[in-house]
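Q: My structure is in coords.txt, and what it holds is compact mmCIF, C-alpha atoms and all ligand atoms:
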```txt
# COMPACT_ATOMS: atom_id res chain seq x y z
CA MET T 1 5.82 23.68 -18.85
CA GLU T 2 3.05 21.94 -20.80
CA PHE T 3 -0.21 21.17 -19.01
CA LEU T 4 -2.02 18.22 -20.56
CA ARG T 5 -5.66 17.49 -19.69
CA PRO T 6 -6.82 14.31 -21.45
CA ALA T 7 -10.56 13.61 -21.32
CA THR T 8 -10.27 9.86 -21.88
CA TRP T 9 -7.95 7.04 -20.89
CA ASP T 10 -6.83 6.55 -24.51
CA GLU T 11 -5.98 10.24 -24.77
CA ALA T 12 -3.97 9.96 -21.55
CA LEU T 13 -1.96 7.01 -22.88
CA ALA T 14 -1.36 8.81 -26.17
CA ALA T 15 -0.18 11.89 -24.27
CA MET T 16 2.24 9.75 -22.23
CA ALA T 17 3.56 8.21 -25.46
CA ASP T 18 4.12 11.71 -26.91
CA HIS T 19 5.63 13.05 -23.66
CA PRO T 20 7.39 10.09 -21.95
CA GLY T 21 8.32 11.14 -18.45
CA ALA T 22 5.43 13.63 -18.18
CA LEU T 23 4.39 13.94 -14.55
CA PRO T 24 0.91 12.52 -13.91
CA ILE T 25 -1.16 14.32 -11.29
CA SER T 26 -4.10 12.66 -9.57
CA GLY T 27 -5.02 13.96 -6.09
CA GLY T 28 -1.92 16.15 -6.20
CA THR T 29 -1.14 15.69 -2.49
CA ASP T 30 2.43 14.61 -3.31
CA VAL T 31 2.89 16.37 -6.64
CA MET T 32 1.85 19.85 -5.47
CA VAL T 33 4.18 19.67 -2.47
CA GLU T 34 7.08 18.70 -4.73
CA LEU T 35 6.32 21.48 -7.24
CA ASN T 36 5.68 24.13 -4.60
CA PHE T 37 8.94 23.36 -2.81
CA ASP T 38 10.82 23.09 -6.12
CA LEU T 39 11.79 19.51 -5.34
CA ARG T 40 10.86 18.44 -8.84
CA ARG T 41 10.91 20.04 -12.26
CA THR T 42 9.08 18.67 -15.24
CA SER T 43 8.46 19.69 -18.82
CA ALA T 44 4.87 18.42 -18.81
CA ILE T 45 2.13 17.67 -16.28
CA LEU T 46 -0.58 15.21 -17.16
CA ASP T 47 -3.78 15.91 -15.22
CA LEU T 48 -5.78 12.70 -14.78
CA ASN T 49 -8.75 14.30 -13.04
CA ARG T 50 -11.07 14.39 -16.06
CA ILE T 51 -10.86 10.59 -16.40
CA THR T 52 -13.72 9.66 -14.11
CA GLU T 53 -13.28 5.88 -14.42
CA LEU T 54 -10.05 6.14 -12.38
CA GLY T 55 -12.22 7.10 -9.41
CA ARG T 56 -14.34 3.94 -9.55
CA TRP T 57 -13.92 0.47 -8.10
CA SER T 58 -15.62 -2.84 -8.89
CA SER T 59 -15.59 -6.35 -7.50
CA ASP T 60 -16.41 -9.82 -8.80
CA GLY T 61 -16.52 -11.15 -5.24
CA ALA T 62 -13.04 -12.67 -5.42
CA SER T 63 -11.07 -9.48 -5.93
CA VAL T 64 -11.52 -5.73 -5.99
CA ARG T 65 -10.36 -3.68 -8.95
CA LEU T 66 -9.55 -0.38 -7.31
CA GLY T 67 -9.32 2.57 -9.72
CA ALA T 68 -6.01 4.40 -9.30
CA ALA T 69 -7.69 7.63 -8.16
CA VAL T 70 -10.25 6.28 -5.65
CA PRO T 71 -9.54 8.48 -2.61
CA TYR T 72 -8.74 7.06 0.82
CA ALA T 73 -11.96 8.47 2.25
CA ARG T 74 -13.99 6.24 -0.06
CA ILE T 75 -11.83 3.19 0.64
CA ILE T 76 -12.64 3.69 4.33
CA ASP T 77 -16.37 4.21 3.70
CA GLU T 78 -16.95 1.62 0.97
CA LEU T 79 -14.26 -1.06 1.16
CA SER T 80 -13.71 -1.84 4.85
CA GLY T 81 -15.44 -5.20 4.30
CA PRO T 82 -13.52 -6.63 1.33
CA LEU T 83 -10.25 -4.76 1.99
CA PRO T 84 -10.02 -4.30 5.77
CA GLY T 85 -6.22 -3.92 5.90
CA LEU T 86 -6.15 -1.22 3.23
CA ALA T 87 -9.10 0.55 4.86
CA LEU T 88 -7.28 0.58 8.22
CA ALA T 89 -4.14 1.91 6.55
CA SER T 90 -6.22 4.57 4.77
CA ARG T 91 -7.55 5.79 8.12
CA THR T 92 -4.00 6.69 9.18
CA VAL T 93 -3.21 8.77 6.10
CA GLY T 94 -2.82 12.52 6.64
CA SER T 95 -5.92 14.52 7.52
CA PRO T 96 -9.51 14.45 6.16
CA GLN T 97 -8.42 16.82 3.38
CA ILE T 98 -5.59 14.52 2.32
CA ARG T 99 -7.83 11.44 2.56
CA ASN T 100 -10.40 13.15 0.31
CA ARG T 101 -7.83 13.77 -2.43
CA GLY T 102 -5.03 11.23 -1.97
CA SER T 103 -5.21 7.86 -3.69
CA VAL T 104 -3.55 4.44 -3.74
CA GLY T 105 -2.52 5.11 -7.36
CA GLY T 106 -0.68 8.21 -6.14
CA ASN T 107 0.87 6.32 -3.21
CA LEU T 108 2.18 3.74 -5.70
CA GLY T 109 3.32 6.46 -8.09
CA ALA T 110 5.31 8.11 -5.31
CA ALA T 111 6.62 4.69 -4.13
CA SER T 112 7.83 6.16 -0.86
CA PRO T 113 9.00 3.50 1.59
CA ALA T 114 6.80 5.34 4.12
CA GLY T 115 3.59 5.19 2.03
CA ASP T 116 0.85 3.68 4.15
CA ALA T 117 -0.94 1.74 1.41
CA HIS T 118 2.10 -0.44 0.68
CA PRO T 119 2.24 -2.66 3.80
CA ALA T 120 -1.48 -3.37 3.43
CA LEU T 121 -1.12 -4.21 -0.28
CA LEU T 122 1.82 -6.55 0.39
CA ALA T 123 -0.01 -8.29 3.24
CA ALA T 124 -3.16 -8.72 1.13
CA GLY T 125 -1.31 -11.42 -0.78
CA ARG T 126 1.04 -12.22 -3.60
CA GLY T 127 -1.98 -12.03 -5.92
CA VAL T 128 -2.13 -8.22 -5.72
CA ARG T 129 -1.45 -6.76 -9.17
CA VAL T 130 -0.80 -3.21 -10.35
CA GLU T 131 -2.46 -2.60 -13.73
CA ALA T 132 0.06 -0.62 -15.78
CA HIS T 133 -1.10 0.64 -19.19
CA SER T 134 0.62 2.28 -22.13
CA VAL T 135 -0.09 2.50 -25.85
CA ARG T 136 2.06 -0.64 -26.05
CA GLY T 137 -0.35 -2.71 -23.95
CA VAL T 138 -1.19 -3.74 -20.40
CA ARG T 139 1.08 -5.23 -17.75
CA LEU T 140 -0.21 -6.81 -14.55
CA ILE T 141 2.68 -6.22 -12.17
CA PRO T 142 2.85 -8.40 -9.04
CA ILE T 143 3.02 -6.08 -6.05
CA ASP T 144 6.27 -7.72 -4.89
CA GLU T 145 7.96 -6.59 -8.13
CA PHE T 146 6.58 -3.06 -8.18
CA TYR T 147 8.98 -1.36 -5.73
CA VAL T 148 12.56 -1.26 -7.01
CA GLY T 149 14.33 1.35 -4.87
CA VAL T 150 13.89 4.36 -2.62
CA LYS T 151 10.91 6.20 -4.14
CA ARG T 152 11.36 4.15 -7.32
CA HIS T 153 8.94 1.81 -9.02
CA CYS T 154 9.15 -0.35 -12.11
CA LEU T 155 6.80 1.69 -14.35
CA ALA T 156 8.19 2.63 -17.76
CA PRO T 157 8.24 6.38 -18.57
CA ASP T 158 5.13 6.05 -20.78
CA GLU T 159 3.11 3.86 -18.38
CA LEU T 160 0.20 4.88 -16.18
CA ILE T 161 -1.49 3.00 -13.35
CA ARG T 162 -5.12 2.39 -14.20
CA ALA T 163 -6.11 0.23 -11.23
CA VAL T 164 -4.90 -2.15 -8.55
CA ARG T 165 -6.35 -5.64 -8.31
CA ILE T 166 -6.56 -6.85 -4.73
CA PRO T 167 -7.94 -10.21 -3.55
CA VAL T 168 -10.95 -9.87 -1.24
CA ALA T 169 -9.91 -10.67 2.35
CA ASP T 170 -10.52 -14.29 3.31
CA GLY T 171 -9.47 -13.72 6.92
CA PRO T 172 -8.62 -10.99 9.42
CA GLN T 173 -6.30 -8.16 8.44
CA GLN T 174 -4.63 -5.48 10.52
CA PHE T 175 -2.47 -2.43 10.00
CA SER T 176 -0.54 -0.50 12.59
CA LYS T 177 1.70 2.54 12.34
CA VAL T 178 4.08 4.32 14.69
CA GLY T 179 4.47 8.06 14.27
CA THR T 180 5.92 10.91 16.23
CA ARG T 181 2.36 12.12 16.90
CA ASN T 182 -1.12 10.67 16.52
CA ALA T 183 -2.23 12.16 13.19
CA MET T 184 -0.83 13.87 10.06
CA VAL T 185 2.35 11.93 10.44
CA ILE T 186 4.78 10.14 8.17
CA ALA T 187 5.31 6.64 9.54
CA VAL T 188 8.38 5.98 11.66
CA CYS T 189 7.51 2.42 10.81
CA ALA T 190 4.36 0.55 9.88
CA PHE T 191 3.21 -3.04 9.63
CA GLY T 192 0.40 -4.82 7.82
CA LEU T 193 -0.70 -8.37 8.61
CA ALA T 194 -3.24 -10.61 6.89
CA LEU T 195 -4.25 -14.16 7.70
CA HIS T 196 -5.30 -16.23 4.70
CA PRO T 197 -7.14 -19.23 6.17
CA LYS T 198 -8.16 -20.60 2.76
CA ASP T 199 -4.63 -21.59 1.85
CA ARG T 200 -3.30 -21.30 5.41
CA THR T 201 -0.78 -18.62 4.59
CA VAL T 202 0.16 -15.35 6.24
CA GLY T 203 0.81 -12.02 4.53
CA THR T 204 2.98 -9.24 5.92
CA GLY T 205 4.11 -5.79 4.83
CA ILE T 206 6.77 -3.61 6.40
CA GLY T 207 6.68 0.15 5.85
CA SER T 208 9.27 2.85 6.48
CA ALA T 209 11.95 0.45 7.68
CA ALA T 210 13.81 -0.50 4.48
CA PRO T 211 14.66 1.19 1.16
CA THR T 212 11.37 -0.12 -0.23
CA PRO T 213 8.20 -1.49 1.29
CA ARG T 214 8.84 -5.21 1.73
CA ARG T 215 7.36 -8.38 3.15
CA ALA T 216 8.84 -10.45 5.97
CA SER T 217 8.94 -13.77 4.12
CA ASP T 218 10.59 -15.86 6.86
CA ALA T 219 8.11 -14.53 9.42
CA GLU T 220 5.20 -15.39 7.11
CA ALA T 221 6.40 -18.97 6.57
CA TYR T 222 7.15 -19.48 10.27
CA LEU T 223 3.78 -18.22 11.46
CA ALA T 224 1.81 -20.10 8.81
CA GLY T 225 3.40 -23.33 10.06
CA GLU T 226 2.77 -22.60 13.73
CA LEU T 227 -0.82 -21.33 13.75
CA ALA T 228 -3.54 -23.73 14.90
CA TRP T 229 -5.70 -23.07 11.84
CA GLU T 230 -8.00 -26.01 12.65
CA SER T 231 -8.69 -25.53 16.35
CA GLY T 232 -8.22 -21.77 16.59
CA ASP T 233 -6.15 -22.19 19.76
CA PRO T 234 -4.16 -19.01 20.42
CA PRO T 235 -0.48 -19.11 19.45
CA ALA T 236 1.92 -19.78 22.32
CA PRO T 237 3.83 -16.74 23.64
CA ARG T 238 7.07 -18.13 22.19
CA VAL T 239 5.45 -18.20 18.72
CA VAL T 240 4.22 -14.62 19.03
CA ARG T 241 7.65 -13.54 20.24
CA ARG T 242 9.48 -15.38 17.45
CA PHE T 243 7.16 -13.89 14.85
CA GLY T 244 8.03 -10.42 16.11
CA GLU T 245 11.74 -11.21 15.98
CA LEU T 246 11.52 -12.47 12.41
CA VAL T 247 9.59 -9.38 11.30
CA ALA T 248 12.21 -7.12 12.90
CA ALA T 249 14.98 -9.14 11.25
CA ALA T 250 13.40 -8.64 7.82
CA ALA T 251 13.66 -4.86 8.13
CA ASP T 252 16.65 -2.86 6.95
CA PRO T 253 16.04 0.51 8.58
CA ILE T 254 18.11 3.65 8.79
CA ASP T 255 18.60 6.31 11.45
CA ASP T 256 16.86 9.51 10.41
CA VAL T 257 15.00 12.50 11.83
CA ARG T 258 11.95 10.37 12.61
CA GLY T 259 13.66 7.58 14.51
CA THR T 260 16.69 5.36 14.86
CA ALA T 261 17.16 2.04 13.10
CA ALA T 262 17.24 0.28 16.48
CA TYR T 263 13.95 1.88 17.52
CA ARG T 264 12.33 0.94 14.23
CA ARG T 265 13.32 -2.71 14.61
CA HIS T 266 12.07 -2.75 18.20
CA ALA T 267 8.78 -1.06 17.25
CA LEU T 268 8.22 -3.43 14.33
CA ALA T 269 8.50 -6.45 16.63
CA VAL T 270 5.91 -4.83 18.91
CA LEU T 271 3.58 -4.06 15.98
CA ALA T 272 3.96 -7.61 14.67
CA ARG T 273 3.07 -9.17 18.03
CA ARG T 274 0.19 -6.76 18.54
CA THR T 275 -1.36 -7.19 15.09
CA LEU T 276 -1.01 -10.98 15.37
CA THR T 277 -2.93 -10.93 18.63
CA TRP T 278 -5.67 -8.73 17.13
CA CYS T 279 -5.95 -10.87 14.02
CA TRP T 280 -6.08 -14.12 15.94
CA ASN T 281 -8.78 -12.77 18.25
CA ASP T 282 -10.85 -12.10 15.11
CA TYR T 283 -10.14 -15.48 13.62
CA ARG T 284 -12.75 -18.19 13.85
CA PRO T 285 -11.91 -21.46 12.09
CA GLY T 286 -14.39 -22.36 9.39
CA ARG T 287 -15.77 -18.84 9.17
CA ALA T 288 -14.88 -16.21 6.61
CA ALA T 289 -13.50 -12.88 7.86
C1 LIG S 301 -0.11 16.97 4.60
C2 LIG S 301 0.16 15.63 3.98
C3 LIG S 301 0.04 14.50 4.74
C4 LIG S 301 0.29 13.23 4.17
N1 LIG S 301 0.15 12.12 4.96
C5 LIG S 301 0.40 10.90 4.44
C6 LIG S 301 0.28 9.74 5.24
O1 LIG S 301 -0.06 9.78 6.43
N2 LIG S 301 0.54 8.53 4.65
C7 LIG S 301 0.90 8.42 3.33
O2 LIG S 301 1.12 7.31 2.85
N3 LIG S 301 1.03 9.54 2.56
C8 LIG S 301 0.79 10.75 3.07
N4 LIG S 301 0.93 11.87 2.29
C9 LIG S 301 1.38 11.71 0.90
C10 LIG S 301 0.24 11.60 -0.13
O3 LIG S 301 -0.98 12.10 0.37
C11 LIG S 301 0.01 10.13 -0.55
O4 LIG S 301 1.19 9.57 -1.09
C12 LIG S 301 -1.13 9.97 -1.56
O5 LIG S 301 -1.44 8.60 -1.67
C13 LIG S 301 -0.80 10.52 -2.94
O6 LIG S 301 -1.95 10.36 -3.77
P1 LIG S 301 -2.36 11.47 -4.84
O7 LIG S 301 -3.51 10.95 -5.59
O8 LIG S 301 -2.53 12.79 -4.18
O9 LIG S 301 -1.04 11.47 -5.75
P2 LIG S 301 -0.38 12.64 -6.62
O10 LIG S 301 0.24 13.66 -5.75
O11 LIG S 301 -1.30 13.11 -7.67
O12 LIG S 301 0.77 11.76 -7.31
C14 LIG S 301 1.77 11.13 -6.54
C15 LIG S 301 2.77 10.44 -7.47
O13 LIG S 301 2.12 9.40 -8.19
C16 LIG S 301 2.17 9.65 -9.59
N5 LIG S 301 0.87 9.22 -10.10
C17 LIG S 301 -0.37 9.65 -9.71
N6 LIG S 301 -1.33 8.97 -10.36
C18 LIG S 301 -0.69 8.10 -11.19
C19 LIG S 301 -1.13 7.12 -12.12
N7 LIG S 301 -2.44 6.87 -12.34
N8 LIG S 301 -0.20 6.40 -12.80
C20 LIG S 301 1.12 6.61 -12.58
N9 LIG S 301 1.60 7.52 -11.71
C21 LIG S 301 0.70 8.26 -11.02
C22 LIG S 301 2.45 11.15 -9.72
O14 LIG S 301 3.10 11.46 -10.93
C23 LIG S 301 3.36 11.37 -8.53
O15 LIG S 301 4.67 10.95 -8.80
C24 LIG S 301 0.67 13.13 2.82
C25 LIG S 301 0.78 14.30 2.03
C26 LIG S 301 0.52 15.54 2.61
C27 LIG S 301 0.64 16.77 1.76
```
Turn the structure described in the file into structure tokens.
Ligand SMILES: Cc1cc2nc3c(=O)[nH]c(=O)nc-3n(C[C@H](O)[C@H](O)[C@H](O)COP(=O)(O)OP(=O)(O)OC[C@H]3O[C@@H](n4cnc5c(N)ncnc54)[C@H](O)[C@@H]3O)c2cc1C
A:
Amino acid sequence: MEFLRPATWDEALAAMADHPGALPISGGTDVMVELNFDLRRTSAILDLNRITELGRWSSDGASVRLGAAVPYARIIDELSGPLPGLALASRTVGSPQIRNRGSVGGNLGAASPAGDAHPALLAAGRGVRVEAHSVRGVRLIPIDEFYVGVKRHCLAPDELIRAVRIPVADGPQQFSKVGTRNAMVIAVCAFGLALHPKDRTVGTGIGSAAPTPRRASDAEAYLAGELAWESGDPPAPRVVRRFGELVAAAADPIDDVRGTAAYRRHALAVLARRTLTWCWNDYRPGRAA
């Protein structure tokens, strides 16, 4: 097996062009498990850890450009203000060790339906873009188009994720996850919710309850039309209930060792109602998040 250690981004792209299908490694919290358990074989590993720019983020005030390798621990410490949903999701990932190494770029690269970053990225808005680079150029992939199947994304074999562009929150965001224990747990199901008062829309993300992470589009449209954006009056119980039902209906879960499909649907409706209540309590008309 070849072990490639590019020192620059251009060298990394050239290496991917020479070895399409090489396995990138960032934090290694997924890759090392797969290699150690012989779940994956590869002819070449591409170590991205010398490319320091992948571990940086920047913001122009309207959006955050999150380097692919920024670890969860720094998202929690440094980005809870502009990206509250992703920061909340990051808090639920693994243990401190995993949060110090694991990254959103790696979560996207793994594209597991249970990855915790995905519901938060979907909820953050349709403007979220994955920056995919190759020697052929740059693609800005809308987050809704990124996930194409169970643990499958739309990256070409020679493409690498450089960063994710995420709009700065313009309203409250929440993330909630059900697991079989309180920490170090793969989600039985998870849900991200974001209110976007500027354009009076709602963002959702469902995790671990369909072949891919997905949004609940009907639930988003329904809630956006029912919320009292102007007055801030709390939504009626029937609205909260209906929102939960529509979120559950958008899921396509399976029975597996972590939970049944029926339980996942039930739990998603609960998470949807709960996160809506939390978000609305934080919402003040006319005031940014
Ligand atoms: C004990 C333990 C607990 C965990 N708990 C959770 C949890 O609670 N929630 C959760 O979501 N995940 C969890 N994980 C999984 C893992 O930590 C996350 O998926 C993490 O985000 C992976 O990031 P990484 O940087 O370590 O990725 P890596 O392991 O380095 O890579 C993961 C995948 O992404 C690809 N990749 C990495 N960087 C790039 C790039 N720049 N461009 C293209 N492809 C790339 C790799 O080739 C690989 O396929 C856990 C893992 C362990 C071992």
Q: Select the residues contacting ligand LIG 301 (chain S) at a distance of at most 7 Å, based on all atoms listed in the file, then format the selection as a CSV table (one decimal) with C-alpha atoms, in the frame of the given file.
A:
```csv
chain,number,residue,atom,x,y,z
T,23,LEU,CA,4.4,13.9,-14.6
T,24,PRO,CA,0.9,12.5,-13.9
T,25,ILE,CA,-1.2,14.3,-11.3
T,26,SER,CA,-4.1,12.7,-9.6
T,27,GLY,CA,-5.0,14.0,-6.1
T,28,GLY,CA,-1.9,16.2,-6.2
T,29,THR,CA,-1.1,15.7,-2.5
T,30,ASP,CA,2.4,14.6,-3.3
T,31,VAL,CA,2.9,16.4,-6.6
T,32,MET,CA,1.8,19.8,-5.5
T,33,VAL,CA,4.2,19.7,-2.5
T,68,ALA,CA,-6.0,4.4,-9.3
T,69,ALA,CA,-7.7,7.6,-8.2
T,92,THR,CA,-4.0,6.7,9.2
T,93,VAL,CA,-3.2,8.8,6.1
T,94,GLY,CA,-2.8,12.5,6.6
T,95,SER,CA,-5.9,14.5,7.5
T,98,ILE,CA,-5.6,14.5,2.3
T,101,ARG,CA,-7.8,13.8,-2.4
T,102,GLY,CA,-5.0,11.2,-2.0
T,103,SER,CA,-5.2,7.9,-3.7
T,104,VAL,CA,-3.6,4.4,-3.7
T,105,GLY,CA,-2.5,5.1,-7.4
T,106,GLY,CA,-0.7,8.2,-6.1
T,107,ASN,CA,0.9,6.3,-3.2
T,108,LEU,CA,2.2,3.7,-5.7
T,109,GLY,CA,3.3,6.5,-8.1
T,110,ALA,CA,5.3,8.1,-5.3
T,114,ALA,CA,6.8,5.3,4.1
T,115,GLY,CA,3.6,5.2,2.0
T,116,ASP,CA,0.8,3.7,4.2
T,117,ALA,CA,-0.9,1.7,1.4
T,159,GLU,CA,3.1,3.9,-18.4
T,160,LEU,CA,0.2,4.9,-16.2
T,161,ILE,CA,-1.5,3.0,-13.4
T,162,ARG,CA,-5.1,2.4,-14.2
T,184,MET,CA,-0.8,13.9,10.1
T,185,VAL,CA,2.4,11.9,10.4
T,186,ILE,CA,4.8,10.1,8.2
T,187,ALA,CA,5.3,6.6,9.5
```
Q: Mind listing as a list in words all residues within 10 Å of (11.1, -8.3, 0.4), counting all atoms listed in the file?
A: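 Output of the proximity query reads Leu122, Asp144, Glu145, Tyr147, Thr204, Gly205, Ile206, Ala210, Thr212, Pro213, Arg214, Arg215, Ala216, Ser217, Asp218, Ala250 and Ala251 of chain T.
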Q: Measuring atom to atom with all atoms listed in the file, identify which of T:Trp229, T:Phe3, T:Tyr263, T:Tyr72 is nearest to Leu46 in chain T.
A: T:Phe3
Q: Would you mind reading off the distance between CA of Pro6 in chain T and CA of Asp77 in chain T, one decimal, in Å?
A: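 Calculated distance between CA of Pro6 in chain T and CA of Asp77 in chain T is 28.7 Å.
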Q: Would you work out the distance separating CA of Glu230 in chain T from CA of Val64 in chain T, expressed in Å to one decimal?
A: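 Separating CA of Glu230 in chain T from CA of Val64 in chain T is a distance of 27.8 Å.
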Q: Which one is closest to Ser112 in chain T: T:Ile143, T:Leu48, T:Leu88, T:Ala209? Count all atoms listed in the file.
A: T:Ala209
Q: At a cut-off of 8 Å, can you tabulate as JSON lines every residue of range 185-257 of chain T near range 171-175 of chain T together with its closest atom pair and the distance in Å to one decimal, using only C-alpha atoms and ordering rows by chain then number?
A:
```
{"residue": "T:Ala190", "atom": "CA", "partner": "T:Phe175", "partner_atom": "CA", "distance": 7.5}
{"residue": "T:Phe191", "atom": "CA", "partner": "T:Phe175", "partner_atom": "CA", "distance": 5.7}
{"residue": "T:Gly192", "atom": "CA", "partner": "T:Phe175", "partner_atom": "CA", "distance": 4.3}
{"residue": "T:Leu193", "atom": "CA", "partner": "T:Gln174", "partner_atom": "CA", "distance": 5.2}
{"residue": "T:Ala194", "atom": "CA", "partner": "T:Gln173", "partner_atom": "CA", "distance": 4.2}
{"residue": "T:Leu195", "atom": "CA", "partner": "T:Gly171", "partner_atom": "CA", "distance": 5.3}
{"residue": "T:His196", "atom": "CA", "partner": "T:Gly171", "partner_atom": "CA", "distance": 5.3}
{"residue": "T:Pro197", "atom": "CA", "partner": "T:Gly171", "partner_atom": "CA", "distance": 6.0}
```
Q: Find the residues with any atom within 10 Å of (-2.8, -18.5, 18.1); use all atoms listed in the file and the coordinates as given in the file, and write the answer as a PDB file with C-alpha atoms, keeping the file's coordinate frame.
A:
```pdb
ATOM      1  CA  LEU T 223       3.780 -18.220  11.460  1.00  0.00           C
ATOM      2  CA  GLU T 226       2.770 -22.600  13.730  1.00  0.00           C
ATOM      3  CA  LEU T 227      -0.820 -21.330  13.750  1.00  0.00           C
ATOM      4  CA  ALA T 228      -3.540 -23.730  14.900  1.00  0.00           C
ATOM      5  CA  TRP T 229      -5.700 -23.070  11.840  1.00  0.00           C
ATOM      6  CA  SER T 231      -8.690 -25.530  16.350  1.00  0.00           C
ATOM      7  CA  GLY T 232      -8.220 -21.770  16.590  1.00  0.00           C
ATOM      8  CA  ASP T 233      -6.150 -22.190  19.760  1.00  0.00           C
ATOM      9  CA  PRO T 234      -4.160 -19.010  20.420  1.00  0.00           C
ATOM     10  CA  PRO T 235      -0.480 -19.110  19.450  1.00  0.00           C
ATOM     11  CA  ALA T 236       1.920 -19.780  22.320  1.00  0.00           C
ATOM     12  CA  PRO T 237       3.830 -16.740  23.640  1.00  0.00           C
ATOM     13  CA  VAL T 239       5.450 -18.200  18.720  1.00  0.00           C
ATOM     14  CA  VAL T 240       4.220 -14.620  19.030  1.00  0.00           C
ATOM     15  CA  LEU T 276      -1.010 -10.980  15.370  1.00  0.00           C
ATOM     16  CA  THR T 277      -2.930 -10.930  18.630  1.00  0.00           C
ATOM     17  CA  CYS T 279      -5.950 -10.870  14.020  1.00  0.00           C
ATOM     18  CA  TRP T 280      -6.080 -14.120  15.940  1.00  0.00           C
ATOM     19  CA  ASN T 281      -8.780 -12.770  18.250  1.00  0.00           C
ATOM     20  CA  TYR T 283     -10.140 -15.480  13.620  1.00  0.00           C
TER      21      TYR T 283
END
```
Q: Which residue gives the smallest distance to Ala156 in chain T among T:Ser208, T:Ser90, T:Ser134, T:Asn49, with only C-alpha atoms counted?
A: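 The shortest atom-to-atom distance to Ala156 in chain T comes from T:Ser134.
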Q: Report, in Å to a single decimal, how far apart CA of Ala123 in chain T and CA of Gly81 in chain T are.
A: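 Spanning CA of Gly81 in chain T to CA of Ala123 in chain T is a straight-line distance of 15.8 Å.
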Q: Can you list, as a PDB file with C-alpha atoms, in the frame of the given file, every protein, DNA or RNA residue that comes within 7 Å of Ala124 in chain T when you count only C-alpha atoms, leaving out same-chain residues fewer than 3 positions away?
A:
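For reference, part25.pdb as written:
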```pdb
ATOM      1  CA  ALA T 120      -1.480  -3.370   3.430  1.00  0.00           C
ATOM      2  CA  LEU T 121      -1.120  -4.210  -0.280  1.00  0.00           C
ATOM      3  CA  VAL T 128      -2.130  -8.220  -5.720  1.00  0.00           C
ATOM      4  CA  PRO T 167      -7.940 -10.210  -3.550  1.00  0.00           C
ATOM      5  CA  ALA T 194      -3.240 -10.610   6.890  1.00  0.00           C
ATOM      6  CA  GLY T 203       0.810 -12.020   4.530  1.00  0.00           C
TER       7      GLY T 203
END
```
